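As provided, model02.tsv (TSV, C-alpha atoms and all ligand atoms) reads as follows.
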chain	number	residue	atom	x	y	z
A	1	MET	CA	42.76	137.06	137.68
A	2	LYS	CA	41.74	136.58	134.08
A	3	PHE	CA	38.57	135.52	132.28
A	4	GLU	CA	40.59	132.54	130.98
A	5	ASN	CA	40.83	131.15	134.55
A	6	PHE	CA	37.13	130.22	134.59
A	7	TRP	CA	35.19	127.31	133.10
A	8	TYR	CA	32.92	127.97	130.12
A	9	VAL	CA	30.22	125.72	128.71
A	10	VAL	CA	31.03	124.49	125.21
A	11	ALA	CA	28.32	121.87	124.75
A	12	LEU	CA	25.59	119.85	126.33
A	13	SER	CA	26.83	116.35	127.24
A	14	LYS	CA	24.19	114.87	124.96
A	15	GLN	CA	25.41	116.94	121.98
A	16	LEU	CA	28.80	115.24	122.11
A	17	LYS	CA	28.41	111.61	120.99
A	18	SER	CA	31.47	109.38	120.64
A	19	ASN	CA	32.12	110.28	116.98
A	20	THR	CA	30.88	113.86	117.03
A	21	VAL	CA	33.20	116.80	116.29
A	22	LEU	CA	32.10	120.23	117.50
A	23	GLN	CA	33.50	123.59	116.51
A	24	ARG	CA	33.35	126.29	119.18
A	25	THR	CA	34.74	129.74	119.96
A	26	VAL	CA	35.44	130.92	123.50
A	27	LEU	CA	37.12	134.28	124.19
A	28	ASP	CA	38.09	134.45	120.51
A	29	GLU	CA	39.91	131.12	120.74
A	30	TRP	CA	38.87	128.49	118.16
A	31	LEU	CA	38.26	125.07	119.66
A	32	VAL	CA	37.56	121.59	118.38
A	33	ILE	CA	35.70	119.41	120.86
A	34	PHE	CA	35.35	115.61	120.72
A	35	ARG	CA	35.46	112.60	123.03
A	36	GLY	CA	38.67	110.66	123.58
A	37	ASP	CA	38.85	106.85	123.63
A	38	ASP	CA	38.04	106.96	127.36
A	39	GLY	CA	34.81	108.88	126.62
A	40	LYS	CA	36.07	112.05	128.29
A	41	PRO	CA	35.70	115.37	126.44
A	42	VAL	CA	38.77	116.73	124.66
A	43	ALA	CA	39.33	120.36	123.62
A	44	LEU	CA	42.14	121.30	121.25
A	45	ARG	CA	42.94	124.52	119.46
A	46	ASP	CA	41.11	124.23	116.16
A	47	ARG	CA	44.23	124.43	114.04
A	48	CYS	CA	46.35	121.66	112.57
A	49	ILE	CA	50.01	122.25	113.39
A	50	HIS	CA	51.01	120.95	109.95
A	51	ARG	CA	49.75	123.61	107.55
A	52	ASN	CA	46.90	125.15	109.51
A	53	SER	CA	43.77	123.42	108.34
A	54	ARG	CA	40.92	123.23	110.86
A	55	LEU	CA	40.66	120.01	112.83
A	56	SER	CA	36.96	120.61	113.39
A	57	GLN	CA	36.44	119.82	109.69
A	58	GLY	CA	38.00	116.38	110.17
A	59	ASN	CA	36.66	113.11	111.53
A	60	VAL	CA	36.96	111.38	114.87
A	61	CYS	CA	37.56	107.67	115.01
A	62	GLN	CA	38.03	105.78	118.28
A	63	GLY	CA	38.82	108.95	120.18
A	64	LYS	CA	41.38	110.30	117.70
A	65	ILE	CA	40.88	113.18	115.31
A	66	GLN	CA	42.20	113.29	111.76
A	67	CYS	CA	42.98	116.55	109.96
A	68	PRO	CA	40.94	116.88	106.75
A	69	TYR	CA	43.89	118.19	104.68
A	70	HIS	CA	46.86	115.74	104.77
A	71	GLY	CA	45.46	113.29	107.29
A	72	TRP	CA	47.62	113.86	110.36
A	73	VAL	CA	46.04	112.13	113.37
A	74	TYR	CA	45.92	113.58	116.89
A	75	ASP	CA	45.16	111.69	120.10
A	76	LYS	CA	43.20	112.93	123.11
A	77	THR	CA	46.28	114.69	124.53
A	78	GLY	CA	46.79	116.64	121.30
A	79	LYS	CA	49.84	114.60	120.29
A	80	VAL	CA	50.36	113.73	116.62
A	81	ILE	CA	50.28	109.94	116.38
A	82	ALA	CA	50.23	109.45	112.60
A	83	VAL	CA	51.54	111.35	109.56
A	84	PRO	CA	50.54	109.42	106.42
A	85	CYS	CA	53.23	110.88	104.13
A	86	GLU	CA	56.01	109.83	106.50
A	87	GLY	CA	55.17	106.15	106.13
A	88	GLU	CA	57.46	103.88	108.10
A	89	ASN	CA	59.77	106.80	108.95
A	90	PHE	CA	57.11	108.34	111.20
A	91	GLN	CA	58.05	108.76	114.83
A	92	VAL	CA	56.05	110.29	117.65
A	93	THR	CA	57.80	113.36	119.03
A	94	GLU	CA	56.80	115.57	121.96
A	95	ALA	CA	57.24	118.69	119.87
A	96	ARG	CA	54.40	117.76	117.54
A	97	ARG	CA	51.25	118.50	119.44
A	98	ALA	CA	48.18	120.71	119.19
A	99	LEU	CA	47.39	123.06	122.05
A	100	ARG	CA	45.11	121.21	124.48
A	101	TYR	CA	42.74	122.72	127.06
A	102	ASP	CA	41.36	121.23	130.27
A	103	THR	CA	37.78	120.01	130.17
A	104	ARG	CA	35.14	119.03	132.71
A	105	GLU	CA	31.76	117.39	132.48
A	106	GLN	CA	29.20	118.31	135.13
A	107	ASP	CA	25.39	118.62	135.36
A	108	GLY	CA	24.99	117.60	131.71
A	109	TYR	CA	27.35	120.31	130.47
A	110	ILE	CA	30.85	120.13	128.98
A	111	TYR	CA	33.19	122.88	130.13
A	112	VAL	CA	36.54	124.17	128.89
A	113	ARG	CA	39.11	126.28	130.69
A	114	LEU	CA	41.52	128.26	128.52
A	115	ALA	CA	44.21	129.10	131.10
A	116	GLN	CA	47.14	126.70	130.76
A	117	ASN	CA	48.46	127.51	134.22
A	118	PRO	CA	45.56	129.01	136.16
A	119	THR	CA	46.56	131.12	139.14
A	120	GLU	CA	43.60	129.72	141.07
A	121	GLU	CA	41.35	126.65	140.79
A	122	PHE	CA	37.71	127.55	140.26
A	123	GLU	CA	34.86	125.08	139.88
A	124	PRO	CA	32.08	125.17	137.27
A	125	PHE	CA	28.93	126.71	138.73
A	126	PRO	CA	26.72	123.98	140.30
A	127	MET	CA	23.36	124.06	138.50
A	128	PRO	CA	20.63	124.19	141.18
A	129	PHE	CA	18.55	121.02	141.70
A	130	TYR	CA	19.66	119.59	138.35
A	131	GLN	CA	18.11	116.10	137.99
A	132	GLN	CA	17.08	116.02	141.64
A	133	PRO	CA	13.85	114.24	142.59
A	134	GLY	CA	10.83	116.53	142.33
A	135	TRP	CA	12.58	118.95	139.95
A	136	GLU	CA	12.46	119.37	136.18
A	137	THR	CA	14.88	121.30	133.99
A	138	VAL	CA	14.28	122.89	130.61
A	139	ARG	CA	17.54	123.81	128.88
A	140	VAL	CA	17.78	126.27	125.97
A	141	ILE	CA	20.67	127.78	124.00
A	142	ASN	CA	20.60	131.21	122.37
A	143	ARG	CA	23.16	133.43	120.69
A	144	PHE	CA	23.12	137.16	121.50
A	145	CYS	CA	24.83	139.80	119.35
A	146	ASN	CA	26.21	141.61	122.37
A	147	ASN	CA	28.89	141.07	125.00
A	148	VAL	CA	28.69	139.07	128.23
A	149	THR	CA	28.37	142.15	130.46
A	150	ASN	CA	25.26	143.44	128.70
A	151	CYS	CA	23.76	139.94	128.54
A	152	VAL	CA	24.15	139.19	132.25
A	153	GLU	CA	22.79	142.64	133.09
A	154	ASN	CA	19.71	141.98	130.99
A	155	PHE	CA	19.04	138.66	132.73
A	156	ILE	CA	18.79	140.35	136.13
A	157	ASP	CA	17.15	143.59	135.03
A	158	ILE	CA	13.56	144.03	136.15
A	159	PRO	CA	12.74	147.47	134.68
A	160	HIS	CA	12.95	146.21	131.07
A	161	THR	CA	10.52	143.34	131.64
A	162	ALA	CA	7.40	145.49	131.43
A	163	SER	CA	8.44	147.08	128.12
A	164	VAL	CA	10.23	144.18	126.38
A	165	HIS	CA	7.96	141.37	127.63
A	166	PRO	CA	4.60	143.08	128.18
A	167	GLY	CA	1.89	140.66	129.16
A	168	VAL	CA	4.19	137.64	129.12
A	169	PHE	CA	6.32	138.49	132.10
A	170	ARG	CA	4.93	141.70	133.51
A	171	THR	CA	2.68	144.56	132.46
A	172	PRO	CA	3.54	148.21	133.07
A	173	ARG	CA	1.71	149.16	136.27
A	174	GLN	CA	3.93	151.68	138.05
A	175	GLN	CA	3.94	149.38	141.06
A	176	GLN	CA	6.64	150.25	143.56
A	177	LEU	CA	9.27	147.60	144.25
A	178	GLU	CA	12.07	147.70	146.77
A	179	MET	CA	15.35	145.92	146.47
A	180	THR	CA	18.50	145.51	148.48
A	181	VAL	CA	21.53	145.14	146.24
A	182	GLU	CA	24.74	143.79	147.68
A	183	ARG	CA	28.16	143.31	146.22
A	184	ARG	CA	30.43	140.86	147.98
A	185	SER	CA	33.27	138.55	146.97
A	186	GLY	CA	32.68	138.59	143.24
A	187	CYS	CA	28.88	138.30	143.52
A	188	VAL	CA	25.99	140.72	143.25
A	189	ILE	CA	22.80	139.75	145.09
A	190	ALA	CA	19.51	141.60	144.70
A	191	GLN	CA	16.62	140.77	147.03
A	192	TYR	CA	13.23	142.15	146.07
A	193	ARG	CA	10.33	143.06	148.32
A	194	ASN	CA	6.67	143.91	147.63
A	195	GLU	CA	6.36	141.53	144.71
A	196	THR	CA	2.95	139.94	144.69
A	197	ASN	CA	1.14	139.37	141.48
A	198	ASN	CA	2.63	141.13	138.47
A	199	LEU	CA	4.02	138.09	136.70
A	200	GLY	CA	2.01	138.21	133.49
A	201	TRP	CA	0.32	135.05	132.30
A	202	PHE	CA	2.13	133.00	134.98
A	203	THR	CA	0.32	134.72	137.81
A	204	ARG	CA	-2.78	132.58	138.03
A	205	PHE	CA	-0.83	129.35	138.06
A	206	LEU	CA	2.20	130.39	140.05
A	207	ASN	CA	0.68	132.57	142.67
A	208	ASN	CA	-3.08	132.30	142.77
A	209	THR	CA	-3.28	132.92	146.50
A	210	GLY	CA	-1.20	136.12	146.57
A	211	TYR	CA	1.42	134.43	148.80
A	212	LYS	CA	4.38	136.71	149.48
A	213	ILE	CA	6.90	136.02	146.73
A	214	ARG	CA	10.55	135.65	147.61
A	215	HIS	CA	12.55	136.80	144.63
A	216	THR	CA	16.34	136.91	144.52
A	217	ASP	CA	18.52	137.71	141.52
A	218	SER	CA	22.26	137.19	141.59
A	219	PHE	CA	25.39	137.44	139.51
A	220	HIS	CA	28.38	135.20	140.13
A	221	MET	CA	31.70	136.09	138.54
A	222	PRO	CA	32.46	136.05	135.77
A	223	ASN	CA	29.38	135.08	133.73
A	224	ILE	CA	26.58	133.40	135.72
A	225	THR	CA	23.18	134.84	136.59
A	226	SER	CA	20.52	133.28	138.75
A	227	VAL	CA	16.90	134.31	139.08
A	228	GLU	CA	15.06	132.57	141.89
A	229	TYR	CA	11.35	132.74	142.61
A	230	ASP	CA	9.90	131.09	145.68
A	231	MET	CA	6.15	131.48	145.50
A	232	LYS	CA	4.78	128.82	147.81
A	233	PRO	CA	5.46	125.15	148.53
A	234	HIS	CA	5.85	123.35	145.18
A	235	ARG	CA	6.15	126.59	143.25
A	236	ARG	CA	9.86	127.27	143.10
A	237	LEU	CA	11.69	128.35	139.98
A	238	PHE	CA	15.34	128.95	139.14
A	239	ILE	CA	16.55	130.50	135.90
A	240	THR	CA	20.30	130.03	135.68
A	241	SER	CA	22.16	131.43	132.69
A	242	GLN	CA	25.74	130.85	131.67
A	243	SER	CA	26.86	133.53	129.22
A	244	VAL	CA	29.78	132.21	127.21
A	245	PRO	CA	31.95	134.86	125.54
A	246	GLU	CA	32.57	133.90	121.92
A	247	ALA	CA	33.74	137.35	120.84
A	248	GLU	CA	33.07	140.91	122.00
A	249	ASP	CA	29.90	141.03	119.88
A	250	SER	CA	28.77	137.43	120.34
A	251	THR	CA	27.67	135.57	123.45
A	252	LEU	CA	26.27	132.06	123.54
A	253	VAL	CA	23.88	131.69	126.45
A	254	TYR	CA	22.96	128.35	128.02
A	255	THR	CA	19.84	128.80	130.15
A	256	ASP	CA	18.43	126.29	132.62
A	257	VAL	CA	14.90	126.80	133.86
A	258	THR	CA	14.62	124.43	136.81
A	259	PHE	CA	11.32	124.20	138.63
A	260	ASN	CA	9.39	122.34	141.25
A	261	TYR	CA	5.69	122.60	140.48
A	262	GLY	CA	4.66	119.41	142.30
A	263	VAL	CA	2.16	117.35	140.36
A	264	TRP	CA	2.27	119.83	137.45
A	265	ASN	CA	5.98	119.21	136.74
A	266	LYS	CA	5.73	117.06	133.60
A	267	PHE	CA	2.76	118.94	132.24
A	268	ALA	CA	4.52	122.28	132.75
A	269	LYS	CA	7.65	121.31	130.82
A	270	LEU	CA	6.33	122.09	127.33
A	271	PHE	CA	4.78	125.33	128.49
A	272	VAL	CA	7.95	126.42	130.32
A	273	HIS	CA	10.06	125.63	127.25
A	274	TRP	CA	7.82	127.60	124.92
A	275	THR	CA	7.59	130.58	127.28
A	276	ALA	CA	11.34	130.65	128.02
A	277	GLN	CA	12.15	130.68	124.32
A	278	TYR	CA	9.51	133.33	123.61
A	279	ILE	CA	10.92	135.64	126.31
A	280	ILE	CA	14.56	135.03	125.37
A	281	HIS	CA	13.89	135.81	121.69
A	282	GLN	CA	12.52	139.18	122.79
A	283	ASP	CA	15.74	139.79	124.76
A	284	VAL	CA	17.93	138.66	121.83
A	285	LYS	CA	16.25	141.34	119.73
A	286	ALA	CA	16.54	144.04	122.43
A	287	LEU	CA	20.22	143.30	123.05
A	288	GLY	CA	21.02	143.24	119.34
A	289	ILE	CA	19.60	146.75	119.03
A	290	GLN	CA	21.54	147.92	122.11
A	291	TRP	CA	24.78	146.54	120.64
A	292	GLU	CA	24.29	148.44	117.36
A	293	ALA	CA	24.34	151.75	119.24
A	294	ILE	CA	27.14	150.76	121.64
A	295	ASN	CA	29.20	149.66	118.68
A	296	LYS	CA	28.72	153.02	117.00
A	297	TYR	CA	28.84	155.43	119.95
A	298	GLY	CA	30.56	153.51	122.77
A	299	ARG	CA	29.28	152.81	126.26
A	300	GLN	CA	28.24	155.93	128.07
A	301	PHE	CA	25.27	155.19	130.29
A	302	SER	CA	22.94	157.45	132.32
A	303	ASN	CA	22.09	155.28	135.29
A	304	THR	CA	19.14	155.46	137.66
A	305	PRO	CA	19.09	153.89	141.15
A	306	ALA	CA	17.46	150.78	139.62
A	307	ASP	CA	20.70	150.28	137.66
A	308	THR	CA	22.79	149.81	140.82
A	309	ILE	CA	22.87	146.09	140.14
A	310	HIS	CA	24.50	146.77	136.75
A	311	VAL	CA	27.04	149.18	138.18
A	312	PHE	CA	28.12	146.45	140.63
A	313	VAL	CA	28.30	143.81	137.87
A	314	GLU	CA	30.45	146.16	135.76
A	315	SER	CA	32.79	146.87	138.69
A	316	ILE	CA	33.40	143.12	139.04
A	317	ARG	CA	33.88	142.39	135.35
A	318	ASN	CA	36.08	145.47	134.87
A	319	LYS	CA	38.34	144.26	137.69
A	320	ILE	CA	38.82	140.88	135.99
A	321	ALA	CA	39.44	142.61	132.65
A	322	ALA	CA	42.20	144.60	134.37
A	323	GLY	CA	43.79	141.35	135.58
A	324	GLU	CA	42.78	142.02	139.19
A	325	ASP	CA	40.74	140.11	141.76
A	326	PRO	CA	37.19	141.54	142.17
A	327	ARG	CA	36.96	139.95	145.62
A	328	THR	CA	39.19	142.79	146.81
A	329	LEU	CA	36.44	145.34	146.05
A	330	PRO	CA	34.80	146.60	149.26
A	331	ASP	CA	31.49	144.96	150.22
A	332	LYS	CA	28.54	147.24	149.55
A	333	SER	CA	24.83	147.14	150.26
A	334	VAL	CA	22.29	149.63	148.88
A	335	ASP	CA	18.51	149.91	149.31
A	336	VAL	CA	16.72	151.04	146.18
A	337	LYS	CA	13.12	151.88	145.31
A	338	PHE	CA	11.88	151.71	141.76
A	339	TRP	CA	8.63	151.41	139.83
A	340	VAL	CA	7.63	148.87	137.23
B	1	LIG	S1	47.14	120.81	107.37
B	1	LIG	FE1	46.54	119.26	108.67
B	1	LIG	S2	47.46	117.53	107.91
B	1	LIG	FE2	48.20	119.09	106.65
B	2	FE	FE	14.22	140.03	129.43
Would you mind giving the structure from this file in structure tokens?
Amino acid sequence: MKFENFWYVVALSKQLKSNTVLQRTVLDEWLVIFRGDDGKPVALRDRCIHRNSRLSQGNVCQGKIQCPYHGWVYDKTGKVIAVPCEGENFQVTEARRALRYDTREQDGYIYVRLAQNPTEEFEPFPMPFYQQPGWETVRVINRFCNNVTNCVENFIDIPHTASVHPGVFRTPRQQQLEMTVERRSGCVIAQYRNETNNLGWFTRFLNNTGYKIRHTDSFHMPNITSVEYDMKPHRRLFITSQSVPEAEDSTLVYTDVTFNYGVWNKFAKLFVHWTAQYIIHQDVKALGIQWEAINKYGRQFSNTPADTIHVFVESIRNKIAAGEDPRTLPDKSVDVKFWV
């Protein structure tokens, strides 16, 4: 198994209009993204096969992209269909084509898969309750100067919330929490107990009656995290993040905050957007600082039991990095106590 076998978000559907050209990087591969004449997304290697200009600097017209240097034109399959300097001698040949990647469009996202011959068919992660009646979604995009592993670990890490997001998310209280962390078939699932009212400025709105909160965090190989809060009827919240590897020190994160707050849904949207961005900016800063030290001194960690979730995530991502299938790792379940 390889990271290239999976689908990665490269754009929001609404970012890619019919004549838009987008430049993206996934797993160090340069991509140009546009829509073909059938409206479907196209992803080609961002390199003209003629003399290596970048197609992403060219224009799209009727679903075909023209190189900005000598004007070669490529169709949605990556085939060269016009070479201006060859005039009437021009002939289409199979040999002249740009590298093309498979694309998908689902839940308002455009995905690319880099593997040309994937050993297994995976599906893009289904975004929970996206555009379903009674649910609203706020979608934000942020770039982190760190790798995917450290990003996904941050998104399902409770101990940092009191120190990085004091007041907004949680305040340091030394309240004991219990979690059960499980690793099974490429996923890590953490279920929390004893969570009642330490949710910062959300508390009064989300959980004014002290209802027992159901809180589950999960990681789904290779790059998805989900945070789910179930606080009472009409107070459910999902934060689903897709961490897209651009390079080892750069991760583009697409975050959906999807909620069902009953009659407050529309009203809450602005507030949720502002708060999500406020919290994520704090994490961008924290992860940038972490990367500086990892970059200089490498990754040697001193884990506590609360880091079990990260150890499991790393075991899964390390397996894929080694070209192996993390679903062959033995299932594990650990009960952990920690204080926040
Ligand atoms: S480099 Fe693209 S047309 Fe010449
Ligand atoms: Fe955070």
Would you list the contacts of stretch 215-220 of chain A as a PDB file with C-alpha atoms, in the coordinates of the input, taking every protein, DNA or RNA residue within 9 Å and counting all atoms listed in the file, but skipping same-chain residues closer than 5 positions in sequence?
ATOM      1  CA  PHE A 125      28.930 126.710 138.730  1.00  0.00           C
ATOM      2  CA  VAL A 152      24.150 139.190 132.250  1.00  0.00           C
ATOM      3  CA  GLU A 153      22.790 142.640 133.090  1.00  0.00           C
ATOM      4  CA  PHE A 155      19.040 138.660 132.730  1.00  0.00           C
ATOM      5  CA  ILE A 156      18.790 140.350 136.130  1.00  0.00           C
ATOM      6  CA  ASP A 157      17.150 143.590 135.030  1.00  0.00           C
ATOM      7  CA  GLY A 186      32.680 138.590 143.240  1.00  0.00           C
ATOM      8  CA  CYS A 187      28.880 138.300 143.520  1.00  0.00           C
ATOM      9  CA  VAL A 188      25.990 140.720 143.250  1.00  0.00           C
ATOM     10  CA  ILE A 189      22.800 139.750 145.090  1.00  0.00           C
ATOM     11  CA  ALA A 190      19.510 141.600 144.700  1.00  0.00           C
ATOM     12  CA  GLN A 191      16.620 140.770 147.030  1.00  0.00           C
ATOM     13  CA  TYR A 192      13.230 142.150 146.070  1.00  0.00           C
ATOM     14  CA  ARG A 193      10.330 143.060 148.320  1.00  0.00           C
ATOM     15  CA  GLU A 195       6.360 141.530 144.710  1.00  0.00           C
ATOM     16  CA  THR A 225      23.180 134.840 136.590  1.00  0.00           C
ATOM     17  CA  SER A 226      20.520 133.280 138.750  1.00  0.00           C
ATOM     18  CA  VAL A 227      16.900 134.310 139.080  1.00  0.00           C
ATOM     19  CA  GLU A 228      15.060 132.570 141.890  1.00  0.00           C
ATOM     20  CA  TYR A 229      11.350 132.740 142.610  1.00  0.00           C
ATOM     21  CA  ASP A 230       9.900 131.090 145.680  1.00  0.00           C
ATOM     22  CA  MET A 231       6.150 131.480 145.500  1.00  0.00           C
ATOM     23  CA  VAL A 313      28.300 143.810 137.870  1.00  0.00           C
TER      24      VAL A 313
END
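Atom pair atom CA of A:Glu182 / atom CA of A:Tyr109 has a distance of 29.2 Å (rounded to one decimal).
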Excluding same-chain residues fewer than 4 positions from stretch 235-246 of chain A, what lies within 6 Å of it counting only C-alpha atoms, as number ranges by chain?
A: 25-28, 148, 223-231, 250-261
For stretch 139-163 of chain A against stretch 173-177 of chain A, with a cut-off of 12 Å and counting only C-alpha atoms, what is the closest atom pair and its distance in Å to one decimal for every residue that makes the cut, ordered by chain and number, as CSV?
residue,atom,partner,partner_atom,distance
A:Ile158,CA,A:Leu177,CA,9.8
A:Pro159,CA,A:Leu177,CA,10.2
A:Thr161,CA,A:Arg173,CA,11.5
A:Ala162,CA,A:Arg173,CA,8.3
A:Ser163,CA,A:Arg173,CA,10.8
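Going from atom CA of A:Glu136 to atom CA of A:Thr275 covers 15.1 Å.
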Using all atoms listed in the file, tabulate the residues of chain A lying at most 10 Å from any atom of ligand LIG 1 (chain B), each with its closest atom pair and that distance in Å to one decimal, by chain and increasing residue number, as a tab-separated table.
residue	atom	partner	partner_atom	distance
A:Arg47	CA	B:LIG1	FE1	7.8
A:Cys48	CA	B:LIG1	FE1	4.6
A:Ile49	CA	B:LIG1	FE1	6.6
A:His50	CA	B:LIG1	S1	4.7
A:Arg51	CA	B:LIG1	S1	3.8
A:Asn52	CA	B:LIG1	S1	4.8
A:Ser53	CA	B:LIG1	S1	4.4
A:Arg54	CA	B:LIG1	FE1	7.2
A:Leu55	CA	B:LIG1	FE1	7.2
A:Gly58	CA	B:LIG1	FE1	9.1
A:Gln66	CA	B:LIG1	S2	7.8
A:Cys67	CA	B:LIG1	FE1	4.7
A:Pro68	CA	B:LIG1	FE1	6.4
A:Tyr69	CA	B:LIG1	FE2	4.8
A:His70	CA	B:LIG1	S2	3.7
A:Gly71	CA	B:LIG1	S2	4.7
A:Trp72	CA	B:LIG1	S2	4.4
A:Val73	CA	B:LIG1	S2	7.8
A:Tyr74	CA	B:LIG1	S2	9.9
A:Val80	CA	B:LIG1	S2	9.9
A:Ala82	CA	B:LIG1	S2	9.7
A:Val83	CA	B:LIG1	S2	7.6
A:Pro84	CA	B:LIG1	S2	8.8
A:Cys85	CA	B:LIG1	S2	9.6
May I ask you to write as a ChimeraX atom specification all residues lying at most 7 Å from ligand FE 2 (chain B), with only C-alpha atoms and all ligand atoms counted?
/A:154-155,160-161,164-165,279-280,282-283
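We find atom CA of A:Lys17 and atom CA of A:Leu44 to be spaced 16.8 Å apart.
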Surrounding residues of stretch 32-34 of chain A excluding itself and chain neighbours under 3 positions, 9 Å, all atoms listed in the file, as a ChimeraX atom specification:
/A:10-11,16-25,39-47,54-57,60,63-65,76
Quick one: residues within 9 Å of A:Leu329, all atoms listed in the file, excluding same-chain residues fewer than 5 positions away - as number ranges by chain?
A: 183-186, 315-316, 319
List as a ChimeraX atom specification the residues having at least one atom at most 8 Å from position (12.6, 150.4, 147.5) as given in the file, counting only C-alpha atoms.
/A:176-180,193,335-338
Go through A:Glu324, A:Glu94, A:Glu248, A:Glu314 one by one, measure the shortest atom-to-atom distance of each to A:Trp291 using only C-alpha atoms, and give the residue with the smallest value.
A:Glu248
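Residues in contact range of A:Gly323, defined as at most 12 Å between only C-alpha atoms, with sequence neighbours fewer than 4 positions away removed, read Met1, Lys2, Phe3, Glu4, Asn5, Thr119, Ile316, Arg317, Asn318 and Lys319 of chain A.
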